[in-house]
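Have a look at data05.txt below; it lists compact mmCIF, C-alpha atoms.
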# COMPACT_ATOMS: atom_id res chain seq x y z
CA MET A 32 10.70 51.71 -71.41
CA THR A 33 9.74 55.19 -72.60
CA GLU A 34 11.27 58.01 -70.58
CA PRO A 35 8.78 60.58 -69.19
CA THR A 36 8.76 63.81 -71.11
CA ASP A 37 7.17 66.09 -68.53
CA PHE A 38 10.11 66.18 -66.08
CA ASP A 39 12.77 68.81 -66.72
CA GLY A 40 15.19 67.51 -64.07
CA THR A 41 14.27 69.96 -61.33
CA PHE A 42 12.30 69.29 -58.15
CA PRO A 43 9.69 71.52 -56.47
CA ASP A 44 11.08 73.50 -53.54
CA ALA A 45 9.38 71.27 -50.96
CA ALA A 46 10.80 68.09 -52.50
CA ARG A 47 14.28 69.60 -52.72
CA ARG A 48 14.15 70.67 -49.08
CA ALA A 49 13.00 67.17 -48.08
CA VAL A 50 16.09 65.62 -49.71
CA TYR A 51 18.43 67.90 -47.78
CA GLU A 52 16.41 67.38 -44.60
CA ALA A 53 16.76 63.60 -44.85
CA ILE A 54 20.51 63.94 -45.34
CA ALA A 55 20.91 66.39 -42.45
CA ARG A 56 18.80 64.34 -40.03
CA ARG A 57 20.15 60.87 -40.79
CA ARG A 58 21.47 59.27 -37.61
CA ASP A 59 23.01 55.98 -36.63
CA VAL A 60 20.47 54.35 -34.32
CA ARG A 61 21.35 51.89 -31.55
CA THR A 62 18.14 51.64 -29.51
CA PHE A 63 14.90 50.48 -31.11
CA ARG A 64 11.26 49.91 -30.30
CA PRO A 65 10.10 46.28 -30.69
CA ASP A 66 7.64 47.18 -33.48
CA PRO A 67 8.24 45.02 -36.58
CA VAL A 68 9.21 46.67 -39.87
CA PRO A 69 6.43 45.93 -42.41
CA ASP A 70 7.54 44.12 -45.54
CA ASP A 71 6.26 46.98 -47.70
CA VAL A 72 8.54 49.42 -45.87
CA LEU A 73 11.51 47.09 -46.18
CA ALA A 74 10.77 46.62 -49.88
CA ARG A 75 10.78 50.38 -50.46
CA ILE A 76 14.14 50.95 -48.80
CA LEU A 77 15.69 47.99 -50.63
CA ILE A 78 14.44 49.39 -53.94
CA ALA A 79 15.98 52.74 -53.02
CA ALA A 80 19.27 51.00 -52.23
CA SER A 81 19.24 49.15 -55.55
CA GLN A 82 18.81 52.44 -57.43
CA ALA A 83 22.32 53.54 -56.47
CA PRO A 84 24.85 54.19 -59.23
CA SER A 85 27.22 51.30 -59.94
CA VAL A 86 30.40 50.95 -61.95
CA GLY A 87 29.62 49.66 -65.43
CA TYR A 88 26.00 49.13 -64.31
CA SER A 89 27.26 45.98 -62.60
CA GLN A 90 24.92 46.28 -59.57
CA PRO A 91 27.32 44.24 -57.40
CA TRP A 92 25.20 44.41 -54.24
CA SER A 93 23.12 41.78 -52.48
CA PHE A 94 20.98 42.22 -49.35
CA LEU A 95 20.75 39.46 -46.76
CA VAL A 96 17.75 39.92 -44.44
CA LEU A 97 18.41 38.46 -40.98
CA ARG A 98 15.55 37.93 -38.54
CA ASP A 99 16.56 34.67 -36.81
CA GLU A 100 17.34 35.51 -33.18
CA GLU A 101 19.70 32.59 -32.65
CA LEU A 102 21.87 33.63 -35.59
CA ARG A 103 21.75 37.30 -34.62
CA GLY A 104 22.68 36.30 -31.07
CA ARG A 105 25.85 34.63 -32.33
CA ILE A 106 26.70 37.73 -34.35
CA ALA A 107 25.98 39.98 -31.35
CA ARG A 108 28.29 37.92 -29.13
CA HIS A 109 31.08 38.29 -31.69
CA VAL A 110 30.49 42.06 -31.86
CA GLU A 111 30.64 42.31 -28.06
CA GLU A 112 33.97 40.46 -28.04
CA GLU A 113 35.33 42.87 -30.64
CA ARG A 114 33.94 45.87 -28.72
CA LEU A 115 35.77 44.84 -25.55
CA ALA A 116 38.95 44.12 -27.48
CA GLY A 117 38.69 47.54 -29.10
CA ALA A 118 38.82 49.22 -25.69
CA ASP A 119 42.48 48.24 -25.40
CA VAL A 120 43.54 50.94 -27.86
CA PHE A 121 42.33 53.66 -25.46
CA GLU A 122 43.45 54.65 -21.99
CA GLY A 123 41.96 56.29 -18.90
CA GLU A 124 38.85 58.39 -19.37
CA ARG A 125 38.88 57.78 -23.12
CA ARG A 126 38.64 54.03 -22.51
CA ASP A 127 35.80 54.52 -20.01
CA ALA A 128 33.94 56.72 -22.50
CA TYR A 129 34.37 54.09 -25.20
CA LEU A 130 32.99 51.33 -22.98
CA ASP A 131 29.99 53.50 -22.11
CA LEU A 132 29.03 53.86 -25.79
CA LYS A 133 26.30 51.60 -27.16
CA LEU A 134 27.69 50.60 -30.52
CA GLU A 135 25.07 48.24 -31.93
CA GLY A 136 21.44 47.19 -31.73
CA ILE A 137 21.64 43.75 -33.31
CA LEU A 138 19.13 42.11 -30.96
CA ASP A 139 17.13 45.24 -30.17
CA ALA A 140 16.21 45.86 -33.82
CA PRO A 141 13.48 43.66 -35.34
CA LEU A 142 15.71 42.78 -38.27
CA ASN A 143 19.26 43.12 -39.54
CA LEU A 144 20.56 43.60 -43.06
CA LEU A 145 23.91 42.49 -44.40
CA VAL A 146 24.90 44.33 -47.58
CA THR A 147 27.51 42.54 -49.65
CA CYS A 148 29.55 43.04 -52.80
CA ASP A 149 29.98 40.31 -55.42
CA ARG A 150 33.38 41.14 -56.85
CA GLU A 151 32.87 38.93 -59.90
CA ARG A 152 29.31 39.73 -60.89
CA PHE A 153 29.19 39.90 -64.70
CA GLY A 154 32.76 38.62 -64.71
CA THR A 155 36.04 40.34 -63.93
CA LYS A 156 35.96 42.69 -66.96
CA VAL A 157 33.52 45.41 -65.94
CA LEU A 158 33.34 48.77 -67.68
CA GLY A 159 35.09 51.38 -65.49
CA ARG A 160 37.04 49.01 -63.23
CA ASN A 161 40.23 48.85 -65.26
CA THR A 162 41.61 51.91 -63.44
CA ILE A 163 40.01 51.62 -59.99
CA LEU A 164 39.48 47.98 -59.03
CA GLU A 165 37.62 48.95 -55.84
CA ALA A 166 34.92 50.79 -57.81
CA ASP A 167 32.55 47.87 -57.24
CA VAL A 168 32.96 48.25 -53.47
CA PHE A 169 32.40 52.00 -53.77
CA SER A 170 29.19 51.25 -55.70
CA VAL A 171 27.88 49.13 -52.82
CA VAL A 172 28.70 51.91 -50.36
CA CYS A 173 26.51 54.21 -52.48
CA ALA A 174 23.71 51.63 -52.16
CA VAL A 175 24.19 51.59 -48.39
CA GLN A 176 23.88 55.38 -48.25
CA ASN A 177 20.69 55.24 -50.32
CA LEU A 178 19.34 52.60 -47.94
CA MET A 179 20.18 54.62 -44.85
CA LEU A 180 18.52 57.76 -46.20
CA ALA A 181 15.42 55.90 -47.39
CA ALA A 182 15.14 54.21 -43.99
CA ARG A 183 15.45 57.50 -42.08
CA ALA A 184 11.93 57.14 -40.68
CA GLU A 185 12.59 53.55 -39.56
CA GLY A 186 16.09 54.00 -38.15
CA VAL A 187 19.35 52.43 -39.23
CA GLY A 188 22.60 51.71 -37.42
CA TRP A 189 25.77 50.61 -39.13
CA VAL A 190 27.72 47.99 -37.15
CA THR A 191 31.43 47.96 -37.96
CA LEU A 192 32.75 45.73 -35.18
CA LEU A 193 32.71 42.56 -37.22
CA ARG A 194 35.56 40.43 -38.48
CA GLU A 195 34.97 39.44 -42.09
CA GLU A 196 36.09 35.84 -41.62
CA VAL A 197 33.68 35.31 -38.71
CA LEU A 198 30.70 36.85 -40.50
CA ARG A 199 31.54 34.95 -43.68
CA GLU A 200 31.30 31.64 -41.83
CA LEU A 201 28.14 32.52 -39.92
CA VAL A 202 26.09 33.38 -43.03
CA ALA A 203 27.90 31.14 -45.56
CA LEU A 204 29.14 33.84 -47.94
CA PRO A 205 30.59 32.60 -51.25
CA GLU A 206 34.28 33.23 -51.81
CA THR A 207 33.72 36.05 -54.30
CA VAL A 208 31.25 37.90 -52.06
CA VAL A 209 32.53 40.30 -49.41
CA PRO A 210 30.51 41.92 -46.59
CA ILE A 211 30.35 45.71 -46.77
CA ALA A 212 27.85 46.84 -44.12
CA TYR A 213 25.88 45.21 -41.33
CA LEU A 214 22.79 47.30 -40.57
CA CYS A 215 20.25 47.21 -37.75
CA VAL A 216 16.84 48.25 -39.05
CA GLY A 217 13.89 49.24 -36.94
CA TYR A 218 11.84 52.08 -35.49
CA PRO A 219 14.05 54.11 -33.13
CA GLU A 220 13.18 55.09 -29.61
CA ARG A 221 14.08 58.61 -30.68
CA PHE A 222 16.14 60.51 -33.21
CA ARG A 223 18.88 62.73 -31.83
CA GLU A 224 19.09 66.34 -32.92
CA ARG A 225 22.85 65.90 -33.32
CA PRO A 226 25.03 62.79 -33.71
CA LYS A 227 25.76 61.10 -30.39
CA LEU A 228 29.52 61.08 -30.91
CA GLU A 229 29.35 64.84 -31.37
CA THR A 230 27.19 65.53 -28.31
CA THR A 231 29.31 63.26 -26.09
CA GLY A 232 32.47 65.07 -27.16
CA TRP A 233 34.04 61.98 -28.75
CA LEU A 234 35.17 64.07 -31.72
CA PRO A 235 34.37 67.64 -32.79
CA ARG A 236 32.45 68.62 -35.91
CA LEU A 237 34.95 69.90 -38.45
CA ASP A 238 34.50 73.26 -40.13
CA LEU A 239 33.63 72.50 -43.76
CA LYS A 240 35.57 75.56 -44.88
CA THR A 241 38.78 73.83 -43.80
CA LEU A 242 37.90 70.75 -45.89
CA VAL A 243 37.06 72.43 -49.20
CA HIS A 244 39.93 73.58 -51.42
CA GLU A 245 40.05 75.30 -54.79
CA GLU A 246 42.31 74.37 -57.69
CA ARG A 247 44.98 72.71 -55.52
CA PHE A 248 44.80 70.68 -52.33
CA GLY A 249 45.37 72.90 -49.30
CA ALA A 250 44.79 76.15 -51.18
CA PRO A 251 42.60 78.59 -49.24
CA LEU A 252 39.07 79.24 -50.36
CA SER A 253 38.15 82.39 -52.17
CA GLY A 254 36.05 84.91 -50.30
CA PRO A 255 32.88 84.29 -52.33
CA MET A 256 33.06 80.53 -51.78
CA ARG A 257 33.60 80.96 -48.04
CA ASP A 258 30.61 83.30 -47.88
CA ALA A 259 28.48 80.83 -49.87
CA LEU A 260 29.36 78.00 -47.47
CA ASP A 261 28.52 80.20 -44.49
CA ARG A 262 25.12 81.07 -45.97
CA ALA A 263 24.31 77.46 -46.91
CA ASP A 264 25.49 76.15 -43.53
CA THR A 265 23.17 78.37 -41.52
CA GLY A 266 20.85 76.15 -39.51
CA ARG A 267 22.52 72.92 -40.55
CA ARG A 268 21.53 70.12 -38.12
CA GLY A 269 23.69 67.11 -38.94
Could I get this structure in the form of structure tokens?
Amino acid sequence: MTEPTDFDGTFPDAARRAVYEAIARRRDVRTFRPDPVPDDVLARILIAASQAPSVGYSQPWSFLVLRDEELRGRIARHVEEERLAGADVFEGERRDAYLDLKLEGILDAPLNLLVTCDRERFGTKVLGRNTILEADVFSVVCAVQNLMLAARAEGVGWVTLLREEVLRELVALPETVVPIAYLCVGYPERFRERPKLETTGWLPRLDLKTLVHEERFGAPLSGPMRDALDRADTGRRG
């Protein structure tokens, strides 16, 4: 394939702003309208996911589309069991706040996606994995992020309350394939201006200036870098 010669690597201002806008306004979604997601829309977000970088160009991801309500019901019941069990690590008002949170939309969304990692795709000797064996898993996480950003208009929630061994049995995953993310995909009832866990006071938003270091971990930022972060952070939404 011949590479285009009329693209110098930069984007027009509007396109560049749109990228940052999608990142800033991405939200986990737990409540969905019943409208089905058209196949063309699903195809576009899956293509975006598959364009993620991967270690050694191994493309270790697979995408399992789940629409069957009976199967999703079994998965939802497992998630609810894990949600209730998870409440035991909290006490008092914190436990009540946890139980009030809606943590998944498995049955509300018109479809679910399971994103997996084949840890032996192209064999065990993959360029770039000799130092960091988990680089294949990290590659799939990049694909998930691409998917979530591409599906911003449709809405995506990431369900983490799943035990691998239970999910593996329910969808018959091969031994070398591990589940990475279970996503609920659909059109949201609404997008929040800020993340729900921030607005409910579950955890505070951290000041980025305390998370960026220069030269050595923990070293304070220089004045110019602090000022640049302050300028860039003005009006940030998410």
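Near (32.0, 41.7, -63.4), the residues inside the 10 Å limit, counting all atoms listed in the file, come to A:Val86, A:Gly87, A:Tyr88, A:Ser89, A:Gln90, A:Pro91, A:Asp149, A:Arg150, A:Glu151, A:Arg152, A:Phe153, A:Gly154, A:Thr155, A:Lys156, A:Val157, A:Leu158, A:Arg160, A:Asp167.
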From (25.2, 46.2, -36.5), in the file's coordinates, out to 12 Å: which residues are reached, counting only C-alpha atoms? Answer as number ranges by chain.
A: 59-62, 97, 103-104, 106-111, 114, 133-140, 142-146, 187-193, 198, 211-217
Using all atoms listed in the file for the distances, tell me which of A:Arg125, A:Gln82, A:Cys148, A:Asp70 is nearest to A:Leu234.
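For A:Leu234, the nearest of the given residues is A:Arg125.
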Distance of atom CA of A:Pro235 from atom CA of A:Ile54, expressed in Å to one decimal place
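Between atom CA of A:Ile54 and atom CA of A:Pro235 the gap works out to 19.1 Å.
For the pair atom CA of A:Ala46 and atom CA of A:Arg257, the separation is 26.6 Å.
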Between atom CA of A:Asn177 and atom CA of A:Val208, what is the distance in Å, rounded to a tenth?
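Separation between atom CA of A:Asn177 and atom CA of A:Val208: 20.4 Å.
If all atoms listed in the file are the atoms counted, then among A:Arg199, A:Arg183, A:Arg105, A:His244 the closest residue to A:Ala49 is A:Arg183.
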Which is closest to A:Ser93 among A:Gly159, A:Val209, A:Pro67, A:Ala181, if we use only C-alpha atoms?
A:Val209
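Distance annotation: of A:Leu201, A:Ala182, A:Ile163, A:Ala118, the residue with the minimal separation from A:Pro219 is A:Ala182; atom set is only C-alpha atoms.
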Box in all listed atoms of stretch 44-57 of chain A, axis-aligned, with 8 Å more on each side; write out centre and edge lengths in Å to one decimal as AutoDock Vina command-line options.
--center_x 15.1 --center_y 67.2 --center_z -46.8 --size_x 27.5 --size_y 28.6 --size_z 29.5
As a short mmCIF file (atom, residue, chain, number, x, y, z; two decimals), keeping the file's coordinate frame, could you write out stretch 65-87 of chain A once it has been completed with N, CA and C atoms?
data_model
loop_
_atom_site.label_atom_id
_atom_site.label_comp_id
_atom_site.auth_asym_id
_atom_site.auth_seq_id
_atom_site.Cartn_x
_atom_site.Cartn_y
_atom_site.Cartn_z
N PRO A 65 10.27 47.66 -30.22
CA PRO A 65 10.10 46.28 -30.69
C PRO A 65 9.20 46.15 -31.91
N ASP A 66 8.57 47.24 -32.35
CA ASP A 66 7.64 47.18 -33.48
C ASP A 66 8.30 46.57 -34.72
N PRO A 67 7.66 45.61 -35.36
CA PRO A 67 8.24 45.02 -36.58
C PRO A 67 8.23 46.02 -37.74
N VAL A 68 9.17 45.85 -38.66
CA VAL A 68 9.21 46.67 -39.87
C VAL A 68 8.36 45.96 -40.93
N PRO A 69 7.28 46.58 -41.40
CA PRO A 69 6.43 45.93 -42.41
C PRO A 69 7.22 45.60 -43.68
N ASP A 70 6.85 44.52 -44.32
CA ASP A 70 7.54 44.12 -45.54
C ASP A 70 7.48 45.19 -46.61
N ASP A 71 6.37 45.93 -46.69
CA ASP A 71 6.26 46.98 -47.70
C ASP A 71 7.29 48.08 -47.47
N VAL A 72 7.54 48.40 -46.19
CA VAL A 72 8.54 49.42 -45.87
C VAL A 72 9.93 48.91 -46.24
N LEU A 73 10.22 47.67 -45.85
CA LEU A 73 11.51 47.09 -46.18
C LEU A 73 11.71 47.03 -47.69
N ALA A 74 10.67 46.69 -48.41
CA ALA A 74 10.77 46.62 -49.88
C ALA A 74 11.13 47.98 -50.46
N ARG A 75 10.51 49.05 -49.92
CA ARG A 75 10.78 50.38 -50.46
C ARG A 75 12.23 50.80 -50.24
N ILE A 76 12.76 50.51 -49.05
CA ILE A 76 14.14 50.95 -48.80
C ILE A 76 15.14 50.09 -49.57
N LEU A 77 14.80 48.82 -49.82
CA LEU A 77 15.69 47.99 -50.63
C LEU A 77 15.67 48.44 -52.09
N ILE A 78 14.51 48.85 -52.58
CA ILE A 78 14.44 49.39 -53.94
C ILE A 78 15.28 50.66 -54.04
N ALA A 79 15.17 51.52 -53.02
CA ALA A 79 15.98 52.74 -53.02
C ALA A 79 17.47 52.41 -53.04
N ALA A 80 17.87 51.41 -52.25
CA ALA A 80 19.27 51.00 -52.23
C ALA A 80 19.72 50.52 -53.60
N SER A 81 18.87 49.74 -54.26
CA SER A 81 19.24 49.15 -55.55
C SER A 81 19.25 50.17 -56.68
N GLN A 82 18.78 51.39 -56.41
CA GLN A 82 18.81 52.44 -57.43
C GLN A 82 20.08 53.27 -57.36
N ALA A 83 21.04 52.84 -56.56
CA ALA A 83 22.32 53.54 -56.47
C ALA A 83 23.09 53.41 -57.79
N PRO A 84 23.99 54.35 -58.06
CA PRO A 84 24.85 54.19 -59.23
C PRO A 84 25.84 53.06 -59.01
N SER A 85 26.23 52.37 -60.08
CA SER A 85 27.22 51.30 -59.94
C SER A 85 28.15 51.30 -61.14
N VAL A 86 29.39 50.95 -60.90
CA VAL A 86 30.40 50.95 -61.95
C VAL A 86 29.98 49.99 -63.06
N GLY A 87 29.98 50.48 -64.29
CA GLY A 87 29.62 49.66 -65.43
C GLY A 87 28.23 49.06 -65.36
#
